[in-house]
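To keep things clear, I will list the structure first and then write my remarks on it.
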Protein chains: 2
Amino acid sequence: MFSNTFKTMKAAIPIKKSEVTRARILDVALDLFRRHGFEETTMRGIAAAAGVSLGSAYYYFQSKEDLVMAFYERAIDAMTPRMEAALSGASHFEEKMETLMAVKFEYFQPNRTFLGALLRHSADPQNRLSPFSEATRHIRERDQAYFARMINESRDVRVPTELAPHLPKLLWLYQMGLILYWIYDRSPGQRQTRMLRKKSLALLVSGLKMSRFALLKPLRSKIVDLIVLAEGGQGYDTPNEA
Amino acid sequence: MFSNTFKTMKAAIPIKKSEVTRARILDVALDLFRRHGFEETTMRGIAAAAGVSLGSAYYYFQSKEDLVMAFYERAIDAMTPRMEAALSGASHFEEKMETLMAVKFEYFQPNRTFLGALLRHSADPQNRLSPFSEATRHIRERDQAYFARMINESRDVRVPTELAPHLPKLLWLYQMGLILYWIYDRSPGQRQTRMLRKKSLALLVSGLKMSRFALLKPLRSKIVDLIVLAEGGQGYDTPNEA
DNA sequence: GGCTGGAAATGAACGCGTTCAAATAATTCT
DNA sequence: AGAATTATTTGAACGCGTTCATTTCCAGCC
């Protein structure tokens with residue numbers, strides 16, 4: 001079973017040959033995606049460049065989209081330690097948020113163009129590649145957990161209790177929006193997005209601070225109401241008037 | 001050239017035969033889309049059902065997506081009189097907004113499912129079918145003009161002058177968001193969306209009314225700032241700090 | 001009538017993602 | 001060891017959207 005388990009050696013590292021092949025196909029594919037874009041890259045091209053038959057490529061990846069899913073997984077794994085560092089490196093909420101997002105933007109930078117081909121299905125929760133799909137749920141939740149941690153570990157921002165449980169999802173959504181904007185940002189060096197990141201985050205922070213004002217209680221409640229309604233909807237039996 | 005120009009009749013209406021064929025293909029296509037969905041319907045199937053060859057279908061419509069574009073055009077033409085009626089029928093802002101959106105939801109109702117197949121590219125402004133694309137610009141602008149009119153004709157809502165020029169686009173965006181939500185709303189009868197429409201509109205209206213408070217001036221300015229930054233970006237040379 | 005040029009119509013062919021029955025290689029069982 | 005089972009590999013084939021060289025149609029002109 002282990003092709004690298006030499007008969008004469010005891011301590012060979014058990015890496016399946018198939019996993020090497022799988023990794024090679026993925027590497028080649030991502031390289032081609034980055035260089036020529038998602039659409040332009042064909043499965044036949046990937047197979048040829050990886051030195052396998054077309055059928056073999058499909059043996060390891062059920063579809064072309066699956067290659068992108070594998071990229072997703074790889075990305076979140078690679079970003080995890082950097083996100084940890086970002087969280088412990090900063091102390092204030094705004095700074096934490098900033099560095100957390102910087103990790104993502106830096107990591108996705110080389111893949112920005114082909115990431116677009118992927119996120120253009122983002123509005124469709126039915127599509128596997130959508131950030132809202134069932135297939136990406138584990139990635140999404142793992143990601144949102146970081147925002148939750150970030151909120152808990154920030155002592156400078158106090159969130160109203162009714163808003164607190166929804167904040168991780170909201171921040172994640174905010175981040176997705178920025179990434180989406182970034183992908184289609186045609187300004188040189190995407191400085192448009194950089195500006196938007198800075199200004200919107202500042203606004204977000206002041207909004208969060210404002211959200212505690214007692215005067216805004218009714219408005220806040222209505223907003224939370226709306227969030228609950230919009231996000232879940234698993235058969236809440238909502239009364240006619242709120 | 002005019003096949004329905006009978007030799008013995010003078011006043012025959014000059015409808016090109018080709019236009020009849022074109023319309024027939026479109027009718028058949030939309031019918032199939034509605035009944036079986038966009039993906040499931042093939043160009044070969046459309047051609048067969050319309051009684052033309054595959055090549056002919058492509059003679060009239062450059063692509064499968066073009067059929068959807070034609071649907072768009074047809075939709076906005078059909079909705080125009082109803083939107084006029086909606087605007088003049090109501091007097092208050094909230095009511096106008098409500099009826100205006102009701103027109104859309106009613107018209108799109110029978111096409112809800114296949115509209116999804118189309119709007120799932122909505123996040124990609126490069127895609128022709130996206131509501132943000134260059135190809136749909138004329139539809140979008142024509143649509144936004146209705147929101148502009150609605151604001152002007154509503155005497156019960158006064159909008160801060162700095163916010164006013166952006167409001168049509170914002171309202172249009174709000175509407176697009178609701179439609180998108182509606183399309184993927186899996187609750188029975190999409191009552192989830194109905195609730196969301198009601199509550200979010202109420203919140204929107206109170207938000208608009210609040211936006212005039214002098215106390216909120218700095219916040220408002222920052223938001224407008226953000227809107228300007230996000231929407232255009234045609235090379236604004238924005239200073240470092242705002 | 002025949003001629004002509006553009007509009008309309010055609011079906012074969014291409015490249016694509018994907019599927020699949022079959023062949024081959026590797027591993028496990030006896 | 002050999003047999004049985006499982007993992008991997010293969011290329012042909014399918015259905016799709018799309019393209020294109022070619023043919024058919026038809027109104028206007030001689």
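In the structure tokens, the first chain shown is A, the next is B, and so on; residue numbers restart at 1 for each chain, and ligands run from 1 in the order shown.
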I'd like the contact shell of segment 17-27 of chain D - 12 Å cut-off, only C-alpha atoms (C1' of nucleotides), skipping same-chain residues fewer than 2 positions apart - returned as a ChimeraX atom specification. /B:1-3,5,17,39,41-44,54-55,57-59,61-65 /C:4-17 /D:15,29
Mind fitting chain B onto chain A over all Cα atoms in sequence order and sending the result as a PDB file with C-alpha atoms, in the first residue's frame?
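Contents of result-v2.pdb, freshly written:
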```pdb
ATOM      1  CA  MET B   1       0.437  -0.304  -0.782  1.00  0.00           C
ATOM      2  CA  PHE B   2       3.104   2.200   0.242  1.00  0.00           C
ATOM      3  CA  SER B   3       5.386   2.674  -2.685  1.00  0.00           C
ATOM      4  CA  ASN B   4       7.905   4.615  -0.637  1.00  0.00           C
ATOM      5  CA  THR B   5       8.188   1.882   1.973  1.00  0.00           C
ATOM      6  CA  PHE B   6      11.516   0.496   0.933  1.00  0.00           C
ATOM      7  CA  LYS B   7      11.907  -3.159   1.734  1.00  0.00           C
ATOM      8  CA  THR B   8      15.141  -2.608   3.555  1.00  0.00           C
ATOM      9  CA  MET B   9      14.046   0.434   5.529  1.00  0.00           C
ATOM     10  CA  LYS B  10      11.810   0.427   8.518  1.00  0.00           C
ATOM     11  CA  ALA B  11      10.978   4.069   9.102  1.00  0.00           C
ATOM     12  CA  ALA B  12       9.784   5.165   5.698  1.00  0.00           C
ATOM     13  CA  ILE B  13       7.107   7.817   5.929  1.00  0.00           C
ATOM     14  CA  PRO B  14       3.893   6.274   4.687  1.00  0.00           C
ATOM     15  CA  ILE B  15       2.776   8.692   1.992  1.00  0.00           C
ATOM     16  CA  LYS B  16       0.540   7.047  -0.530  1.00  0.00           C
ATOM     17  CA  LYS B  17       1.658   7.474  -4.078  1.00  0.00           C
ATOM     18  CA  SER B  18      -1.891   8.399  -4.930  1.00  0.00           C
ATOM     19  CA  GLU B  19      -1.710  11.370  -2.614  1.00  0.00           C
ATOM     20  CA  VAL B  20       1.365  12.606  -4.364  1.00  0.00           C
ATOM     21  CA  THR B  21      -0.407  12.337  -7.681  1.00  0.00           C
ATOM     22  CA  ARG B  22      -3.431  14.114  -6.283  1.00  0.00           C
ATOM     23  CA  ALA B  23      -1.273  16.912  -4.944  1.00  0.00           C
ATOM     24  CA  ARG B  24       0.553  17.212  -8.252  1.00  0.00           C
ATOM     25  CA  ILE B  25      -2.688  17.561 -10.168  1.00  0.00           C
ATOM     26  CA  LEU B  26      -3.881  20.222  -7.749  1.00  0.00           C
ATOM     27  CA  ASP B  27      -0.588  22.107  -7.921  1.00  0.00           C
ATOM     28  CA  VAL B  28      -0.589  22.100 -11.687  1.00  0.00           C
ATOM     29  CA  ALA B  29      -4.232  23.109 -11.812  1.00  0.00           C
ATOM     30  CA  LEU B  30      -3.836  26.059  -9.463  1.00  0.00           C
ATOM     31  CA  ASP B  31      -0.774  27.177 -11.353  1.00  0.00           C
ATOM     32  CA  LEU B  32      -2.684  27.123 -14.626  1.00  0.00           C
ATOM     33  CA  PHE B  33      -5.661  28.843 -13.048  1.00  0.00           C
ATOM     34  CA  ARG B  34      -3.438  31.621 -11.780  1.00  0.00           C
ATOM     35  CA  ARG B  35      -1.602  32.034 -15.048  1.00  0.00           C
ATOM     36  CA  HIS B  36      -4.450  31.721 -17.516  1.00  0.00           C
ATOM     37  CA  GLY B  37      -7.645  32.013 -15.497  1.00  0.00           C
ATOM     38  CA  PHE B  38     -10.262  29.493 -14.551  1.00  0.00           C
ATOM     39  CA  GLU B  39     -12.307  29.361 -17.740  1.00  0.00           C
ATOM     40  CA  GLU B  40      -9.323  29.296 -20.046  1.00  0.00           C
ATOM     41  CA  THR B  41      -7.788  26.347 -18.229  1.00  0.00           C
ATOM     42  CA  THR B  42      -9.182  23.032 -19.430  1.00  0.00           C
ATOM     43  CA  MET B  43      -9.302  19.738 -17.608  1.00  0.00           C
ATOM     44  CA  ARG B  44      -7.462  18.228 -20.550  1.00  0.00           C
ATOM     45  CA  GLY B  45      -4.762  20.831 -20.146  1.00  0.00           C
ATOM     46  CA  ILE B  46      -4.461  20.137 -16.447  1.00  0.00           C
ATOM     47  CA  ALA B  47      -4.254  16.407 -17.024  1.00  0.00           C
ATOM     48  CA  ALA B  48      -1.622  16.839 -19.714  1.00  0.00           C
ATOM     49  CA  ALA B  49       0.471  19.219 -17.630  1.00  0.00           C
ATOM     50  CA  ALA B  50       0.270  16.857 -14.675  1.00  0.00           C
ATOM     51  CA  GLY B  51       1.249  13.923 -16.862  1.00  0.00           C
ATOM     52  CA  VAL B  52      -1.904  11.926 -16.300  1.00  0.00           C
ATOM     53  CA  SER B  53      -4.855  11.023 -18.437  1.00  0.00           C
ATOM     54  CA  LEU B  54      -8.077  12.976 -18.425  1.00  0.00           C
ATOM     55  CA  GLY B  55      -9.807  10.121 -16.649  1.00  0.00           C
ATOM     56  CA  SER B  56      -7.206  10.176 -13.909  1.00  0.00           C
ATOM     57  CA  ALA B  57      -7.763  13.827 -13.208  1.00  0.00           C
ATOM     58  CA  TYR B  58     -11.412  13.006 -12.722  1.00  0.00           C
ATOM     59  CA  TYR B  59     -10.498  10.047 -10.559  1.00  0.00           C
ATOM     60  CA  TYR B  60      -8.987  12.447  -8.032  1.00  0.00           C
ATOM     61  CA  PHE B  61     -11.297  15.398  -8.467  1.00  0.00           C
ATOM     62  CA  GLN B  62     -14.921  14.820  -9.212  1.00  0.00           C
ATOM     63  CA  SER B  63     -15.184  18.082 -11.096  1.00  0.00           C
ATOM     64  CA  LYS B  64     -13.305  21.157 -12.142  1.00  0.00           C
ATOM     65  CA  GLU B  65     -14.952  23.001  -9.299  1.00  0.00           C
ATOM     66  CA  ASP B  66     -13.614  20.460  -6.857  1.00  0.00           C
ATOM     67  CA  LEU B  67     -10.154  21.721  -7.641  1.00  0.00           C
ATOM     68  CA  VAL B  68     -11.234  25.113  -6.404  1.00  0.00           C
ATOM     69  CA  MET B  69     -12.732  23.582  -3.289  1.00  0.00           C
ATOM     70  CA  ALA B  70      -9.382  21.974  -2.622  1.00  0.00           C
ATOM     71  CA  PHE B  71      -7.824  25.393  -3.034  1.00  0.00           C
ATOM     72  CA  TYR B  72     -10.234  26.750  -0.430  1.00  0.00           C
ATOM     73  CA  GLU B  73      -9.261  24.066   2.034  1.00  0.00           C
ATOM     74  CA  ARG B  74      -5.610  24.627   1.392  1.00  0.00           C
ATOM     75  CA  ALA B  75      -6.069  28.367   1.800  1.00  0.00           C
ATOM     76  CA  ILE B  76      -7.767  28.219   5.154  1.00  0.00           C
ATOM     77  CA  ASP B  77      -5.165  25.773   6.442  1.00  0.00           C
ATOM     78  CA  ALA B  78      -2.374  28.038   5.330  1.00  0.00           C
ATOM     79  CA  MET B  79      -4.002  31.110   6.793  1.00  0.00           C
ATOM     80  CA  THR B  80      -4.801  29.636  10.190  1.00  0.00           C
ATOM     81  CA  PRO B  81      -1.416  30.268  11.831  1.00  0.00           C
ATOM     82  CA  ARG B  82      -1.235  33.733  10.339  1.00  0.00           C
ATOM     83  CA  MET B  83      -4.664  34.546  11.677  1.00  0.00           C
ATOM     84  CA  GLU B  84      -3.617  33.319  15.098  1.00  0.00           C
ATOM     85  CA  ALA B  85      -0.653  35.622  14.956  1.00  0.00           C
ATOM     86  CA  ALA B  86      -2.809  38.496  13.813  1.00  0.00           C
ATOM     87  CA  LEU B  87      -5.205  38.017  16.684  1.00  0.00           C
ATOM     88  CA  SER B  88      -2.585  37.883  19.383  1.00  0.00           C
ATOM     89  CA  GLY B  89      -0.468  40.589  17.787  1.00  0.00           C
ATOM     90  CA  ALA B  90      -3.072  43.318  18.110  1.00  0.00           C
ATOM     91  CA  SER B  91      -4.943  44.451  21.171  1.00  0.00           C
ATOM     92  CA  HIS B  92      -7.675  46.796  20.014  1.00  0.00           C
ATOM     93  CA  PHE B  93     -10.680  45.713  18.044  1.00  0.00           C
ATOM     94  CA  GLU B  94      -9.963  47.857  15.036  1.00  0.00           C
ATOM     95  CA  GLU B  95      -6.387  46.712  14.871  1.00  0.00           C
ATOM     96  CA  LYS B  96      -7.334  43.068  15.230  1.00  0.00           C
ATOM     97  CA  MET B  97      -9.896  43.380  12.514  1.00  0.00           C
ATOM     98  CA  GLU B  98      -7.429  45.153  10.286  1.00  0.00           C
ATOM     99  CA  THR B  99      -4.698  42.576  10.620  1.00  0.00           C
ATOM    100  CA  LEU B 100      -7.130  39.703  10.347  1.00  0.00           C
ATOM    101  CA  MET B 101      -8.328  40.987   7.022  1.00  0.00           C
ATOM    102  CA  ALA B 102      -4.821  41.823   5.926  1.00  0.00           C
ATOM    103  CA  VAL B 103      -3.967  38.133   6.234  1.00  0.00           C
ATOM    104  CA  LYS B 104      -6.705  37.221   3.787  1.00  0.00           C
ATOM    105  CA  PHE B 105      -5.936  39.909   1.268  1.00  0.00           C
ATOM    106  CA  GLU B 106      -2.268  39.034   1.308  1.00  0.00           C
ATOM    107  CA  TYR B 107      -2.871  35.350   0.872  1.00  0.00           C
ATOM    108  CA  PHE B 108      -5.391  35.809  -1.906  1.00  0.00           C
ATOM    109  CA  GLN B 109      -3.353  38.445  -3.713  1.00  0.00           C
ATOM    110  CA  PRO B 110      -1.687  36.068  -6.189  1.00  0.00           C
ATOM    111  CA  ASN B 111      -5.004  34.362  -6.817  1.00  0.00           C
ATOM    112  CA  ARG B 112      -7.095  37.481  -7.101  1.00  0.00           C
ATOM    113  CA  THR B 113      -7.979  37.103 -10.753  1.00  0.00           C
ATOM    114  CA  PHE B 114      -8.929  33.471 -10.734  1.00  0.00           C
ATOM    115  CA  LEU B 115     -10.685  33.902  -7.407  1.00  0.00           C
ATOM    116  CA  GLY B 116     -13.056  36.081  -9.347  1.00  0.00           C
ATOM    117  CA  ALA B 117     -14.060  33.265 -11.644  1.00  0.00           C
ATOM    118  CA  LEU B 118     -15.023  31.402  -8.544  1.00  0.00           C
ATOM    119  CA  LEU B 119     -16.772  34.059  -6.521  1.00  0.00           C
ATOM    120  CA  ARG B 120     -18.934  35.160  -9.376  1.00  0.00           C
ATOM    121  CA  HIS B 121     -21.281  32.412  -8.247  1.00  0.00           C
ATOM    122  CA  SER B 122     -21.177  33.873  -4.799  1.00  0.00           C
ATOM    123  CA  ALA B 123     -24.774  35.012  -4.854  1.00  0.00           C
ATOM    124  CA  ASP B 124     -26.032  31.504  -5.457  1.00  0.00           C
ATOM    125  CA  PRO B 125     -26.181  29.443  -2.263  1.00  0.00           C
ATOM    126  CA  GLN B 126     -27.014  26.406  -4.385  1.00  0.00           C
ATOM    127  CA  ASN B 127     -23.637  26.550  -6.069  1.00  0.00           C
ATOM    128  CA  ARG B 128     -21.034  24.515  -4.246  1.00  0.00           C
ATOM    129  CA  LEU B 129     -18.392  27.202  -4.620  1.00  0.00           C
ATOM    130  CA  SER B 130     -20.546  29.926  -3.127  1.00  0.00           C
ATOM    131  CA  PRO B 131     -19.356  31.187   0.255  1.00  0.00           C
ATOM    132  CA  PHE B 132     -22.939  30.640   1.369  1.00  0.00           C
ATOM    133  CA  SER B 133     -23.283  27.073   0.176  1.00  0.00           C
ATOM    134  CA  GLU B 134     -23.653  23.949   2.241  1.00  0.00           C
ATOM    135  CA  ALA B 135     -20.397  22.652   0.804  1.00  0.00           C
ATOM    136  CA  THR B 136     -18.445  25.600   2.172  1.00  0.00           C
ATOM    137  CA  ARG B 137     -20.236  25.653   5.508  1.00  0.00           C
ATOM    138  CA  HIS B 138     -17.334  24.227   7.489  1.00  0.00           C
ATOM    139  CA  ILE B 139     -14.959  26.793   6.063  1.00  0.00           C
ATOM    140  CA  ARG B 140     -17.419  29.572   6.721  1.00  0.00           C
ATOM    141  CA  GLU B 141     -18.055  28.546  10.304  1.00  0.00           C
ATOM    142  CA  ARG B 142     -14.407  28.059  11.044  1.00  0.00           C
ATOM    143  CA  ASP B 143     -13.830  31.513   9.686  1.00  0.00           C
ATOM    144  CA  GLN B 144     -16.636  33.085  11.652  1.00  0.00           C
ATOM    145  CA  ALA B 145     -15.246  31.544  14.811  1.00  0.00           C
ATOM    146  CA  TYR B 146     -12.211  33.743  14.399  1.00  0.00           C
ATOM    147  CA  PHE B 147     -14.373  36.816  14.362  1.00  0.00           C
ATOM    148  CA  ALA B 148     -16.109  35.599  17.492  1.00  0.00           C
ATOM    149  CA  ARG B 149     -12.781  35.147  19.206  1.00  0.00           C
ATOM    150  CA  MET B 150     -11.662  38.542  18.073  1.00  0.00           C
ATOM    151  CA  ILE B 151     -14.695  40.191  19.623  1.00  0.00           C
ATOM    152  CA  ASN B 152     -14.225  38.361  22.887  1.00  0.00           C
ATOM    153  CA  GLU B 153     -10.564  39.215  23.075  1.00  0.00           C
ATOM    154  CA  SER B 154     -11.098  42.887  22.335  1.00  0.00           C
ATOM    155  CA  ARG B 155     -11.613  44.747  25.577  1.00  0.00           C
ATOM    156  CA  ASP B 156     -12.081  48.159  23.993  1.00  0.00           C
ATOM    157  CA  VAL B 157     -15.366  47.405  22.290  1.00  0.00           C
ATOM    158  CA  ARG B 158     -18.485  46.455  24.190  1.00  0.00           C
ATOM    159  CA  VAL B 159     -21.327  45.110  22.154  1.00  0.00           C
ATOM    160  CA  PRO B 160     -24.978  45.213  23.238  1.00  0.00           C
ATOM    161  CA  THR B 161     -25.976  41.731  24.360  1.00  0.00           C
ATOM    162  CA  GLU B 162     -28.774  41.414  21.850  1.00  0.00           C
ATOM    163  CA  LEU B 163     -26.419  42.221  18.994  1.00  0.00           C
ATOM    164  CA  ALA B 164     -23.503  40.131  20.223  1.00  0.00           C
ATOM    165  CA  PRO B 165     -24.580  36.714  18.945  1.00  0.00           C
ATOM    166  CA  HIS B 166     -24.934  38.037  15.407  1.00  0.00           C
ATOM    167  CA  LEU B 167     -21.793  40.067  15.226  1.00  0.00           C
ATOM    168  CA  PRO B 168     -19.443  37.301  14.038  1.00  0.00           C
ATOM    169  CA  LYS B 169     -21.648  36.564  11.067  1.00  0.00           C
ATOM    170  CA  LEU B 170     -22.035  40.239  10.320  1.00  0.00           C
ATOM    171  CA  LEU B 171     -18.332  40.880  10.424  1.00  0.00           C
ATOM    172  CA  TRP B 172     -17.722  37.862   8.248  1.00  0.00           C
ATOM    173  CA  LEU B 173     -20.279  39.202   5.797  1.00  0.00           C
ATOM    174  CA  TYR B 174     -18.614  42.581   5.858  1.00  0.00           C
ATOM    175  CA  GLN B 175     -15.315  40.929   5.063  1.00  0.00           C
ATOM    176  CA  MET B 176     -16.821  38.916   2.217  1.00  0.00           C
ATOM    177  CA  GLY B 177     -18.239  42.099   0.765  1.00  0.00           C
ATOM    178  CA  LEU B 178     -14.842  43.740   0.819  1.00  0.00           C
ATOM    179  CA  ILE B 179     -13.204  40.743  -0.810  1.00  0.00           C
ATOM    180  CA  LEU B 180     -15.843  40.721  -3.503  1.00  0.00           C
ATOM    181  CA  TYR B 181     -15.339  44.406  -4.113  1.00  0.00           C
ATOM    182  CA  TRP B 182     -11.599  43.848  -4.247  1.00  0.00           C
ATOM    183  CA  ILE B 183     -11.869  41.125  -6.846  1.00  0.00           C
ATOM    184  CA  TYR B 184     -13.679  43.368  -9.266  1.00  0.00           C
ATOM    185  CA  ASP B 185     -11.744  46.487  -8.338  1.00  0.00           C
ATOM    186  CA  ARG B 186     -10.114  47.700 -11.530  1.00  0.00           C
ATOM    187  CA  SER B 187      -8.275  50.633 -10.022  1.00  0.00           C
ATOM    188  CA  PRO B 188      -4.474  50.363 -10.226  1.00  0.00           C
ATOM    189  CA  GLY B 189      -3.179  48.209  -7.419  1.00  0.00           C
ATOM    190  CA  GLN B 190      -6.740  48.017  -6.127  1.00  0.00           C
ATOM    191  CA  ARG B 191      -6.125  51.146  -4.099  1.00  0.00           C
ATOM    192  CA  GLN B 192      -9.831  51.801  -4.275  1.00  0.00           C
ATOM    193  CA  THR B 193     -10.387  48.763  -2.096  1.00  0.00           C
ATOM    194  CA  ARG B 194      -7.615  49.790   0.257  1.00  0.00           C
ATOM    195  CA  MET B 195      -9.356  53.095   0.805  1.00  0.00           C
ATOM    196  CA  LEU B 196     -12.675  51.405   1.239  1.00  0.00           C
ATOM    197  CA  ARG B 197     -11.219  49.026   3.788  1.00  0.00           C
ATOM    198  CA  LYS B 198      -9.854  51.838   5.874  1.00  0.00           C
ATOM    199  CA  LYS B 199     -12.875  54.091   5.782  1.00  0.00           C
ATOM    200  CA  SER B 200     -15.516  51.424   6.140  1.00  0.00           C
ATOM    201  CA  LEU B 201     -13.747  49.869   9.084  1.00  0.00           C
ATOM    202  CA  ALA B 202     -13.574  53.216  10.839  1.00  0.00           C
ATOM    203  CA  LEU B 203     -17.258  53.678  10.222  1.00  0.00           C
ATOM    204  CA  LEU B 204     -17.976  50.186  11.445  1.00  0.00           C
ATOM    205  CA  VAL B 205     -16.127  50.806  14.668  1.00  0.00           C
ATOM    206  CA  SER B 206     -17.879  54.069  15.385  1.00  0.00           C
ATOM    207  CA  GLY B 207     -21.149  52.416  14.519  1.00  0.00           C
ATOM    208  CA  LEU B 208     -20.447  49.667  17.022  1.00  0.00           C
ATOM    209  CA  LYS B 209     -19.601  52.174  19.704  1.00  0.00           C
ATOM    210  CA  MET B 210     -22.728  54.143  18.972  1.00  0.00           C
ATOM    211  CA  SER B 211     -24.835  51.019  19.103  1.00  0.00           C
ATOM    212  CA  ARG B 212     -24.699  51.088  22.897  1.00  0.00           C
ATOM    213  CA  PHE B 213     -26.432  54.421  23.302  1.00  0.00           C
ATOM    214  CA  ALA B 214     -29.664  53.891  25.185  1.00  0.00           C
ATOM    215  CA  LEU B 215     -31.334  56.375  22.894  1.00  0.00           C
ATOM    216  CA  LEU B 216     -30.867  54.032  19.964  1.00  0.00           C
ATOM    217  CA  LYS B 217     -32.356  51.041  21.711  1.00  0.00           C
ATOM    218  CA  PRO B 218     -35.543  50.850  19.623  1.00  0.00           C
ATOM    219  CA  LEU B 219     -33.668  51.204  16.361  1.00  0.00           C
ATOM    220  CA  ARG B 220     -31.141  48.612  17.443  1.00  0.00           C
ATOM    221  CA  SER B 221     -33.872  46.173  18.355  1.00  0.00           C
ATOM    222  CA  LYS B 222     -35.476  46.557  14.980  1.00  0.00           C
ATOM    223  CA  ILE B 223     -32.195  45.922  13.258  1.00  0.00           C
ATOM    224  CA  VAL B 224     -31.532  42.813  15.307  1.00  0.00           C
ATOM    225  CA  ASP B 225     -35.040  41.736  14.470  1.00  0.00           C
ATOM    226  CA  LEU B 226     -34.275  42.108  10.796  1.00  0.00           C
ATOM    227  CA  ILE B 227     -31.029  40.208  11.097  1.00  0.00           C
ATOM    228  CA  VAL B 228     -32.721  37.304  12.792  1.00  0.00           C
ATOM    229  CA  LEU B 229     -35.401  37.274  10.146  1.00  0.00           C
ATOM    230  CA  ALA B 230     -32.980  37.477   7.257  1.00  0.00           C
ATOM    231  CA  GLU B 231     -30.369  35.014   8.363  1.00  0.00           C
ATOM    232  CA  GLY B 232     -32.265  32.049   9.661  1.00  0.00           C
ATOM    233  CA  GLY B 233     -35.846  31.749   8.756  1.00  0.00           C
ATOM    234  CA  GLN B 234     -36.082  28.094   9.680  1.00  0.00           C
ATOM    235  CA  GLY B 235     -39.781  28.460  10.242  1.00  0.00           C
ATOM    236  CA  TYR B 236     -39.894  31.271  12.764  1.00  0.00           C
ATOM    237  CA  ASP B 237     -43.540  31.938  13.321  1.00  0.00           C
ATOM    238  CA  THR B 238     -43.271  35.665  13.321  1.00  0.00           C
ATOM    239  CA  PRO B 239     -46.236  37.720  14.476  1.00  0.00           C
ATOM    240  CA  ASN B 240     -47.835  40.184  12.106  1.00  0.00           C
ATOM    241  CA  GLU B 241     -46.570  43.381  13.655  1.00  0.00           C
ATOM    242  CA  ALA B 242     -43.311  43.873  15.497  1.00  0.00           C
TER     243      ALA B 242
END
```
From a DSSP pass on the backbone, collect the residues of segment 35-230 of chain A flagged as alpha helix (DSSP H) and hand them back as a PyMOL selection string. chain A and resi 35-36+43-50+54-60+64-89+93-108+112-119+137-153+167-183+191-210+217-230
Chain C residues near chain A (12 Å cut-off, only C-alpha atoms (C1' of nucleotides)) as a PyMOL selection string: chain C and resi 15-20+25-28
How would the residues just picked look written out with N, CA and C atoms (P, O5', C5', C4', C3', O3' and C1' of nucleotides) as a short mmCIF file (atom, residue, chain, number, x, y, z; two decimals), in the first residue's frame?
```cif
data_model
loop_
_atom_site.label_atom_id
_atom_site.label_comp_id
_atom_site.auth_asym_id
_atom_site.auth_seq_id
_atom_site.Cartn_x
_atom_site.Cartn_y
_atom_site.Cartn_z
P DG C 15 -10.89 21.82 -31.84
"O5'" DG C 15 -11.25 22.30 -30.37
"C5'" DG C 15 -11.72 23.63 -30.14
"C4'" DG C 15 -12.38 23.68 -28.78
"C3'" DG C 15 -11.63 22.89 -27.70
"O3'" DG C 15 -11.48 23.69 -26.55
"C1'" DG C 15 -13.89 22.20 -27.80
P DC C 16 -10.63 23.24 -25.31
"O5'" DC C 16 -11.76 22.90 -24.25
"C5'" DC C 16 -12.63 23.94 -23.81
"C4'" DC C 16 -13.88 23.38 -23.21
"C3'" DC C 16 -13.67 22.39 -22.09
"O3'" DC C 16 -13.52 23.09 -20.87
"C1'" DC C 16 -15.49 21.77 -23.53
P DG C 17 -12.95 22.31 -19.60
"O5'" DG C 17 -14.28 21.59 -19.07
"C5'" DG C 17 -15.33 22.37 -18.52
"C4'" DG C 17 -16.46 21.46 -18.07
"C3'" DG C 17 -16.09 20.50 -16.94
"O3'" DG C 17 -17.19 20.39 -16.04
"C1'" DG C 17 -16.75 19.26 -18.84
P DT C 18 -17.08 19.48 -14.74
"O5'" DT C 18 -17.58 18.05 -15.26
"C5'" DT C 18 -18.87 17.95 -15.83
"C4'" DT C 18 -19.10 16.55 -16.36
"C3'" DT C 18 -18.74 15.42 -15.38
"O3'" DT C 18 -19.93 14.75 -15.01
"C1'" DT C 18 -18.05 14.95 -17.61
P DT C 19 -19.87 13.50 -14.01
"O5'" DT C 19 -19.95 12.27 -15.00
"C5'" DT C 19 -20.96 12.25 -15.99
"C4'" DT C 19 -20.92 10.95 -16.76
"C3'" DT C 19 -20.77 9.69 -15.89
"O3'" DT C 19 -21.69 8.73 -16.37
"C1'" DT C 19 -19.05 9.75 -17.52
P DC C 20 -22.07 7.44 -15.49
"O5'" DC C 20 -21.30 6.29 -16.27
"C5'" DC C 20 -21.20 6.35 -17.69
"C4'" DC C 20 -20.26 5.30 -18.21
"C3'" DC C 20 -20.00 4.14 -17.23
"O3'" DC C 20 -20.09 2.92 -17.93
"C1'" DC C 20 -17.96 5.07 -17.95
P DA C 25 0.47 -2.62 -15.89
"O5'" DA C 25 0.37 -2.20 -14.36
"C5'" DA C 25 0.25 -0.82 -14.04
"C4'" DA C 25 -0.09 -0.67 -12.57
"C3'" DA C 25 0.90 -1.36 -11.62
"O3'" DA C 25 1.30 -0.42 -10.65
"C1'" DA C 25 -1.34 -2.00 -11.11
P DA C 26 2.47 -0.71 -9.65
"O5'" DA C 26 1.67 -0.98 -8.29
"C5'" DA C 26 0.77 0.01 -7.83
"C4'" DA C 26 -0.05 -0.55 -6.69
"C3'" DA C 26 0.77 -1.23 -5.58
"O3'" DA C 26 0.46 -0.58 -4.37
"C1'" DA C 26 -1.07 -2.57 -6.22
P DT C 27 1.22 -0.94 -2.99
"O5'" DT C 27 0.14 -1.88 -2.28
"C5'" DT C 27 -1.18 -1.39 -2.10
"C4'" DT C 27 -2.09 -2.51 -1.64
"C3'" DT C 27 -1.57 -3.29 -0.43
"O3'" DT C 27 -2.50 -3.12 0.63
"C1'" DT C 27 -2.45 -4.74 -2.09
P DT C 28 -2.22 -3.74 2.09
"O5'" DT C 28 -3.19 -5.02 2.03
"C5'" DT C 28 -4.55 -4.84 1.67
"C4'" DT C 28 -5.25 -6.19 1.62
"C3'" DT C 28 -4.99 -7.10 2.82
"O3'" DT C 28 -6.22 -7.62 3.29
"C1'" DT C 28 -4.52 -8.26 0.81
#
```
